Amino acid sequence: MIREAKAGSEEAIAGLFLRFDRLIRASVRRVVGRGNEMEDAVQEARMSLAGGLARFDESRPFGPWVQVVARNAAVSYLRRQGTSHRSLEEPGSLPGAGQPGEAGSAVARLDSRDALDRVDAALARLAAKDREILDLRLRRDLPHAEVARLLGISLGSARVRFVRALAALRRGLGESR
């Protein structure tokens, strides 16, 4: 299907968009957030994907390429709109953060919800690049090498950015390490 799409088949391109719709939307939502701008940014991401298909290297996995192109299109969309990155990860999306309702008692659930709210607030205060690398490493559990490849940076830079982003999150939570 990818080869057909690269050759210009509108049917194949539509099929790829259908197959990867959730991934495209999730990648855009992480940058733009929910709301009116999201649909416009998703459309722009689809146009970027269709226009960039000829440059896609078929020896590489397609999903990560879709994520990067969709994310970059969303960032470009916001720049043109004069808007900044606003979205947060879904509540409780970081490993170890717990999920509402996991705890046994009402007090424990309230404490857990408070902790999730604190994490969400701390994430909101981070720079977009810090939220992005934390998402890739913690929520998606990607290895540093894959994060580096997706972001187009060296392995060492990916590790340093992750450590710095994690330190910034900890500072935002009032933790010391």
# chains A, B, ... in the order shown; residues from 1 in each chain; ligands from 1
>>> residues_around(residues="A:Val160", least_positions_apart="2", cutoff="12 Å", atoms="only C-alpha atoms", output="list in words")
Asp130, Ile133, Leu134, His144, Val147, Ala148, Ile153, Ser154, Leu155, Gly156, Ser157, Ala158, Phe162, Val163, Arg164, Ala165, Leu166 and Ala167 of chain A
>>> residues_around(residues="A:Glu58", least_positions_apart="5", cutoff="10 Å", atoms="only C-alpha atoms", output="number ranges by chain")
A: 2-3, 6, 53
>>> residues_around(residues="A:Ala122", least_positions_apart="6", cutoff="9 Å", atoms="only C-alpha atoms", output="list in words")
Ala168, Leu169, Arg170, Arg171, Gly172 and Leu173 of chain A
>>> write_last_selection(atoms="C-alpha atoms", output="short mmCIF file (atom, residue, chain, number, x, y, z; two decimals), in the first residue's frame")
data_model
loop_
_atom_site.label_atom_id
_atom_site.label_comp_id
_atom_site.auth_asym_id
_atom_site.auth_seq_id
_atom_site.Cartn_x
_atom_site.Cartn_y
_atom_site.Cartn_z
CA ALA A 168 12.75 19.82 35.22
CA LEU A 169 9.64 17.70 35.91
CA ARG A 170 10.98 16.79 39.36
CA ARG A 171 11.68 20.46 40.11
CA GLY A 172 8.15 21.26 39.00
CA LEU A 173 6.86 18.66 41.42
#
>>> closest_residue(among="A:Glu37, A:Glu132, A:Asp141, A:Glu146", to="A:Trp65", atoms="only C-alpha atoms")
A:Glu146
>>> atom_distance(atom1="atom CA of A:Phe17", atom2="atom CA of A:Lys129")
26.2 Å
>>> closest_residue(among="A:Gln43, A:Val31, A:Ala115, A:Gly63", to="A:Ala127", atoms="only C-alpha atoms")
A:Val31
>>> closest_residue(among="A:Arg118, A:Arg60, A:Arg46, A:Arg71", to="A:Gly33", atoms="only C-alpha atoms")
A:Arg71
>>> atom_distance(atom1="atom CA of A:Ile24", atom2="atom CA of A:Val75")
13.2 Å
>>> residues_around(residues="A:Val66", least_positions_apart="6", cutoff="12 Å", atoms="only C-alpha atoms", output="list of chain:residue names")
A:Ile2, A:Leu16, A:Phe17, A:Arg19, A:Phe20, A:Asp21, A:Arg22, A:Leu23, A:Ile24, A:Arg25, A:Ala26, A:Ser27, A:Val28, A:Val42, A:Ala45, A:Arg46, A:Met47, A:Ser48, A:Leu49, A:Ala50, A:Gly52, A:Leu53, A:Phe56, A:Asp57, A:Arg60, A:Asn72, A:Ala73, A:Leu150
>>> closest_residue(among="A:Leu123, A:Leu136, A:Leu151, A:Val32", to="A:Arg79", atoms="only C-alpha atoms")
A:Val32
